[in-house]
Amino acid sequence: MIPAKFDYEVAESVDHAIELLGSGKDAKLLAGGHSLLPLMRLRLARPELLVDIGRLGDLSYVREDGDAIAIGALTRYADLAADELLAAECPIVAHTSGLVGDPQVRHRGTIGGSVAHADPASDIPTVLVALEAELVARGHGGERRLPVAESFAGFLETALGPQEVLTEIRVPKTGSAGWSYVKFNRRAQDWATVAVAAVRENGGARVALTNMGATTLRASGVEEALSSGSDPATAAERAAEGTSPPSDHNGSAEYREHLARVLTRRALEEALA
Ligand code: FAD
């Protein structure tokens, strides 16, 4: 289908983007366009104004910042997948970026767009939840930081304000600590039917689930079982606790619950090995 009529402006800076978002029209930011444009073509989104931030090169970077790695919101998956600093200091982000969609998606889609779109079937948000990453957003009132898990408010819904620009994602340096992202899909370029991220922490792990509910979910039952001394196979049995997976052409809710348990066991075995 053809999108509804909209106006289009190119932002020359983050401040300019914020100003355009406050123009009084129902405005949306456009980054890689790989989630927003399909929604507009289906007329599920009908913004009056698109504010194109895709050319803000200063929001595309990966750099060291103390104990964290700072990633510009406009950094594309292909750049994350090839980034040497990430590969050394937070390899789960580089690895998972290489699993998103196909090469075309990875060369257009941005990490910030993925977080702001808040699709529970997306890969990178799950990894960011397992890493307890932090978001940096800028709006009329200045800059604020918020934990990524708090930003996912519902299906395709975030805690970002309508006139806020997500500028940076901050992930901890995990160095050589164990990690795993196990994605189950029918074809290599498909979205995850279910996926699991696990990041080793002390004797246990932080675990998060893709496509098991309205938002990316933390598998707290699994984490609790691990910290009370359960082995990975026993802890993984609790992976579907508190989830509400969808049923669709890729699998029923029951099948997804089964997948969550199996994939969690595999992710834990890899991360804790
Ligand atoms: P856009 O589409 O430009 O924007 C998405 C939303 O975020 C919009 O509401 C926009 O206003 C908002 N937004 C964008 N940037 C910002 C910002 N800096 N601050 C505030 N709001 C912002 N994803 C996966 O995780 N795994 C997959 O396997 C996968 N497969 C795909 C296959 C196909 C064929 C396609 C088309 C997409 C696929 N995707 C997949 C989605 C892809 O990752 C998207 O690119 C990503 O989710 C959105 O990033 P974007 O830069 O394209 O954002």
# chains A, B, ... in the order shown; residues from 1 in each chain; ligands from 1

$ residues_near_ligand --ligand "ligand 1" --cutoff "8 Å" --atoms "only C-alpha atoms and all ligand atoms" --output "VMD selection string"
chain A and resid 28 to 38 53 to 54 73 to 74 76 to 77 99 to 102 105 to 106 108 to 119 121 to 125 137 160 164 to 167 189 to 192

$ closest_atom_pairs --of "stretch 210-251 of chain A" --to "stretch 145-158 of chain A" --cutoff "9 Å" --atoms "only C-alpha atoms" --output "JSON lines"
{"residue": "A:Gly213", "atom": "CA", "partner": "A:Phe155", "partner_atom": "CA", "distance": 8.4}
{"residue": "A:Ala214", "atom": "CA", "partner": "A:Phe155", "partner_atom": "CA", "distance": 4.7}
{"residue": "A:Thr215", "atom": "CA", "partner": "A:Gly154", "partner_atom": "CA", "distance": 5.6}
{"residue": "A:Thr216", "atom": "CA", "partner": "A:Phe152", "partner_atom": "CA", "distance": 7.4}
{"residue": "A:Leu217", "atom": "CA", "partner": "A:Ala149", "partner_atom": "CA", "distance": 8.4}
{"residue": "A:Arg218", "atom": "CA", "partner": "A:Ala149", "partner_atom": "CA", "distance": 8.5}

$ select_by_dssp --residues "stretch 62-247 of chain A" --states "strand (DSSP E or B)" --output "PyMOL selection string"
chain A and resi 62-65+68-72+76+110+134-139+142-147+152-154+157-158+165-172+179-184+194-201+204-210+217-218

$ residues_around --residues "stretch 84-96 of chain A" --least-positions-apart "4" --cutoff "10 Å" --atoms "only C-alpha atoms" --output "VMD selection string"
chain A and resid 62 to 64 67 to 71 77 to 80 100 123 to 128 131 171 to 183 197 to 199

$ residues_around --residues "stretch 9-21 of chain A" --least-positions-apart "6" --cutoff "6 Å" --atoms "only C-alpha atoms" --output "PDB file with C-alpha atoms, in the first residue's frame"
ATOM      1  CA  ALA A  27       5.825  14.135  13.879  1.00  0.00           C
ATOM      2  CA  VAL A  51      11.935  14.260  10.620  1.00  0.00           C
ATOM      3  CA  ASP A  52      14.854  12.547   8.917  1.00  0.00           C
ATOM      4  CA  ILE A  53      17.793  12.091  11.310  1.00  0.00           C
ATOM      5  CA  GLN A 163       9.668  15.122  21.426  1.00  0.00           C
TER       6      GLN A 163
END

$ residues_around --residues "A:Glu269" --least-positions-apart "3" --cutoff "10 Å" --atoms "only C-alpha atoms" --output "list in words"
Gly178, Trp179, Ser180, Ala198, Asp231, Pro232, Ala233, Ala236, Leu263, Thr264, Arg265, Arg266, Leu272 and Ala273 of chain A

$ residues_around --residues "A:Ala235" --least-positions-apart "4" --cutoff "6 Å" --atoms "only C-alpha atoms" --output "NGL selection string"
:A and (222 or 225-226 or 230)

$ write_last_selection --atoms "all heavy atoms" --output "mmCIF file, in the first residue's frame"
data_model
loop_
_atom_site.group_PDB
_atom_site.id
_atom_site.type_symbol
_atom_site.label_atom_id
_atom_site.label_comp_id
_atom_site.auth_asym_id
_atom_site.auth_seq_id
_atom_site.Cartn_x
_atom_site.Cartn_y
_atom_site.Cartn_z
ATOM 1 N N VAL A 222 14.537 -17.863 36.028
ATOM 2 C CA VAL A 222 15.779 -18.570 35.668
ATOM 3 C C VAL A 222 16.943 -17.994 36.470
ATOM 4 O O VAL A 222 17.769 -18.727 37.044
ATOM 5 C CB VAL A 222 16.062 -18.435 34.150
ATOM 6 C CG1 VAL A 222 17.387 -19.077 33.786
ATOM 7 C CG2 VAL A 222 14.920 -19.023 33.337
ATOM 8 N N ALA A 225 16.757 -19.100 40.065
ATOM 9 C CA ALA A 225 17.143 -20.512 40.228
ATOM 10 C C ALA A 225 18.664 -20.660 40.160
ATOM 11 O O ALA A 225 19.269 -21.386 40.964
ATOM 12 C CB ALA A 225 16.474 -21.368 39.154
ATOM 13 N N LEU A 226 19.291 -19.945 39.240
ATOM 14 C CA LEU A 226 20.756 -20.032 39.120
ATOM 15 C C LEU A 226 21.433 -19.510 40.376
ATOM 16 O O LEU A 226 22.386 -20.116 40.882
ATOM 17 C CB LEU A 226 21.253 -19.212 37.927
ATOM 18 C CG LEU A 226 21.007 -19.790 36.531
ATOM 19 C CD1 LEU A 226 21.391 -18.768 35.482
ATOM 20 C CD2 LEU A 226 21.800 -21.087 36.319
ATOM 21 N N SER A 230 20.895 -23.791 41.277
ATOM 22 C CA SER A 230 20.429 -24.787 40.291
ATOM 23 C C SER A 230 21.407 -24.867 39.126
ATOM 24 O O SER A 230 22.047 -23.873 38.758
ATOM 25 C CB SER A 230 19.057 -24.399 39.735
ATOM 26 O OG SER A 230 18.103 -24.414 40.739
#

$ atom_distance --atom1 "atom CA of A:Glu224" --atom2 "atom CA of A:Val136"
29.2 Å

$ select_by_dssp --residues "stretch 71-207 of chain A" --states "alpha helix (DSSP H)" --output "number ranges by chain"
A: 77-81, 84-89, 91-97, 103-108, 111-117, 123-131, 148-151

$ closest_residue --among "A:His249, A:Thr243, A:Leu49, A:Leu59" --to "A:Arg186" --atoms "only C-alpha atoms"
A:His249

$ closest_residue --among "A:Gly22, A:Pro103, A:Gly66, A:Gly221" --to "A:Pro162" --atoms "only C-alpha atoms"
A:Gly22

$ closest_residue --among "A:Asn202, A:Ser23, A:Gly161, A:Ala188" --to "A:Gly98" --atoms "only C-alpha atoms"
A:Ala188

$ atom_distance --atom1 "atom CA of A:Pro120" --atom2 "atom CA of A:Met212"
7.4 Å

$ atom_distance --atom1 "atom CA of A:Glu237" --atom2 "atom CA of A:Val194"
15.3 Å

$ decode --residues "stretch 20-63 of chain A" --atoms "N, CA and C atoms" --output "CSV table (one decimal), in the first residue's frame"
chain,number,residue,atom,x,y,z
A,20,LEU,N,12.0,20.5,15.4
A,20,LEU,CA,11.0,20.0,14.4
A,20,LEU,C,9.9,19.1,15.0
A,21,LEU,N,10.4,18.3,16.0
A,21,LEU,CA,9.4,17.4,16.7
A,21,LEU,C,8.4,18.3,17.4
A,22,GLY,N,8.8,19.5,17.8
A,22,GLY,CA,7.9,20.3,18.6
A,22,GLY,C,7.1,21.3,17.7
A,23,SER,N,7.0,21.0,16.4
A,23,SER,CA,6.4,22.0,15.5
A,23,SER,C,4.8,22.0,15.6
A,24,GLY,N,4.3,21.1,16.4
A,24,GLY,CA,2.8,21.1,16.5
A,24,GLY,C,2.1,20.0,15.7
A,25,LYS,N,2.9,19.5,14.7
A,25,LYS,CA,2.3,18.4,13.9
A,25,LYS,C,2.6,17.1,14.5
A,26,ASP,N,1.9,16.0,14.1
A,26,ASP,CA,2.1,14.7,14.6
A,26,ASP,C,3.4,14.2,13.9
A,27,ALA,N,4.5,14.4,14.5
A,27,ALA,CA,5.8,14.1,13.9
A,27,ALA,C,6.5,12.9,14.4
A,28,LYS,N,7.2,12.2,13.5
A,28,LYS,CA,8.0,11.0,13.8
A,28,LYS,C,9.4,11.1,13.3
A,29,LEU,N,10.4,10.6,14.1
A,29,LEU,CA,11.7,10.6,13.6
A,29,LEU,C,11.9,9.5,12.6
A,30,LEU,N,12.7,9.7,11.6
A,30,LEU,CA,13.0,8.6,10.6
A,30,LEU,C,14.5,8.4,10.7
A,31,ALA,N,14.9,7.1,11.0
A,31,ALA,CA,16.3,6.8,11.1
A,31,ALA,C,16.6,5.9,9.9
A,32,GLY,N,16.7,4.6,10.1
A,32,GLY,CA,16.9,3.7,8.9
A,32,GLY,C,15.6,3.4,8.1
A,33,GLY,N,14.5,3.7,8.7
A,33,GLY,CA,13.2,3.5,8.0
A,33,GLY,C,12.7,2.1,7.9
A,34,HIS,N,13.5,1.1,8.4
A,34,HIS,CA,13.1,-0.3,8.2
A,34,HIS,C,12.0,-0.8,9.1
A,35,SER,N,11.6,0.0,10.0
A,35,SER,CA,10.4,-0.4,10.8
A,35,SER,C,9.3,0.6,10.6
A,36,LEU,N,9.6,1.9,10.5
A,36,LEU,CA,8.6,2.9,10.4
A,36,LEU,C,7.9,2.9,9.0
A,37,LEU,N,8.7,2.8,8.0
A,37,LEU,CA,8.1,2.8,6.6
A,37,LEU,C,7.2,1.7,6.3
A,38,PRO,N,7.5,0.4,6.7
A,38,PRO,CA,6.5,-0.7,6.6
A,38,PRO,C,5.2,-0.4,7.3
A,39,LEU,N,5.3,0.2,8.5
A,39,LEU,CA,4.1,0.6,9.3
A,39,LEU,C,3.3,1.6,8.5
A,40,MET,N,4.0,2.6,7.9
A,40,MET,CA,3.3,3.7,7.2
A,40,MET,C,2.6,3.1,5.9
A,41,ARG,N,3.3,2.2,5.3
A,41,ARG,CA,2.7,1.6,4.1
A,41,ARG,C,1.5,0.8,4.4
A,42,LEU,N,1.4,0.2,5.6
A,42,LEU,CA,0.2,-0.5,6.0
A,42,LEU,C,-0.8,0.4,6.6
A,43,ARG,N,-0.4,1.7,6.7
A,43,ARG,CA,-1.3,2.7,7.3
A,43,ARG,C,-1.6,2.5,8.8
A,44,LEU,N,-0.6,1.7,9.4
A,44,LEU,CA,-0.7,1.5,10.9
A,44,LEU,C,-0.1,2.7,11.6
A,45,ALA,N,0.8,3.5,10.8
A,45,ALA,CA,1.3,4.7,11.3
A,45,ALA,C,1.0,5.8,10.2
A,46,ARG,N,0.5,6.9,10.7
A,46,ARG,CA,0.2,8.0,9.7
A,46,ARG,C,0.7,9.3,10.2
A,47,PRO,N,2.1,9.5,10.4
A,47,PRO,CA,2.6,10.8,10.9
A,47,PRO,C,2.3,11.9,9.8
A,48,GLU,N,2.1,13.1,10.3
A,48,GLU,CA,2.0,14.2,9.4
A,48,GLU,C,3.3,14.7,8.9
A,49,LEU,N,4.4,14.5,9.8
A,49,LEU,CA,5.7,15.0,9.4
A,49,LEU,C,6.7,13.9,9.8
A,50,LEU,N,7.6,13.7,8.8
A,50,LEU,CA,8.8,12.8,9.1
A,50,LEU,C,10.0,13.7,9.2
A,51,VAL,N,10.7,13.5,10.4
A,51,VAL,CA,11.9,14.3,10.6
A,51,VAL,C,13.1,13.3,10.4
A,52,ASP,N,13.8,13.5,9.3
A,52,ASP,CA,14.9,12.5,8.9
A,52,ASP,C,16.2,12.9,9.7
A,53,ILE,N,16.5,11.9,10.6
A,53,ILE,CA,17.8,12.1,11.3
A,53,ILE,C,18.9,11.2,10.7
A,54,GLY,N,18.6,10.5,9.6
A,54,GLY,CA,19.5,9.5,9.1
A,54,GLY,C,20.8,10.0,8.6
A,55,ARG,N,20.9,11.4,8.5
A,55,ARG,CA,22.2,11.9,8.0
A,55,ARG,C,23.0,12.6,9.1
A,56,LEU,N,22.6,12.4,10.4
A,56,LEU,CA,23.4,12.9,11.5
A,56,LEU,C,24.5,12.0,11.8
A,57,GLY,N,25.6,12.2,11.1
A,57,GLY,CA,26.8,11.3,11.2
A,57,GLY,C,27.4,11.3,12.6
A,58,ASP,N,27.2,12.4,13.4
A,58,ASP,CA,27.8,12.5,14.7
A,58,ASP,C,27.0,11.6,15.7
A,59,LEU,N,25.9,11.0,15.3
A,59,LEU,CA,25.2,10.0,16.1
A,59,LEU,C,25.6,8.6,15.8
A,60,SER,N,26.6,8.4,15.0
A,60,SER,CA,27.1,7.1,14.6
A,60,SER,C,28.5,6.9,15.1
A,61,TYR,N,28.6,6.1,16.2
A,61,TYR,CA,30.0,5.9,16.7
A,61,TYR,C,29.9,4.7,17.7
A,62,VAL,N,31.1,4.2,18.0
A,62,VAL,CA,31.2,3.2,19.1
A,62,VAL,C,32.5,3.7,19.8
A,63,ARG,N,32.4,4.0,21.1
A,63,ARG,CA,33.7,4.5,21.7
A,63,ARG,C,33.7,4.1,23.2
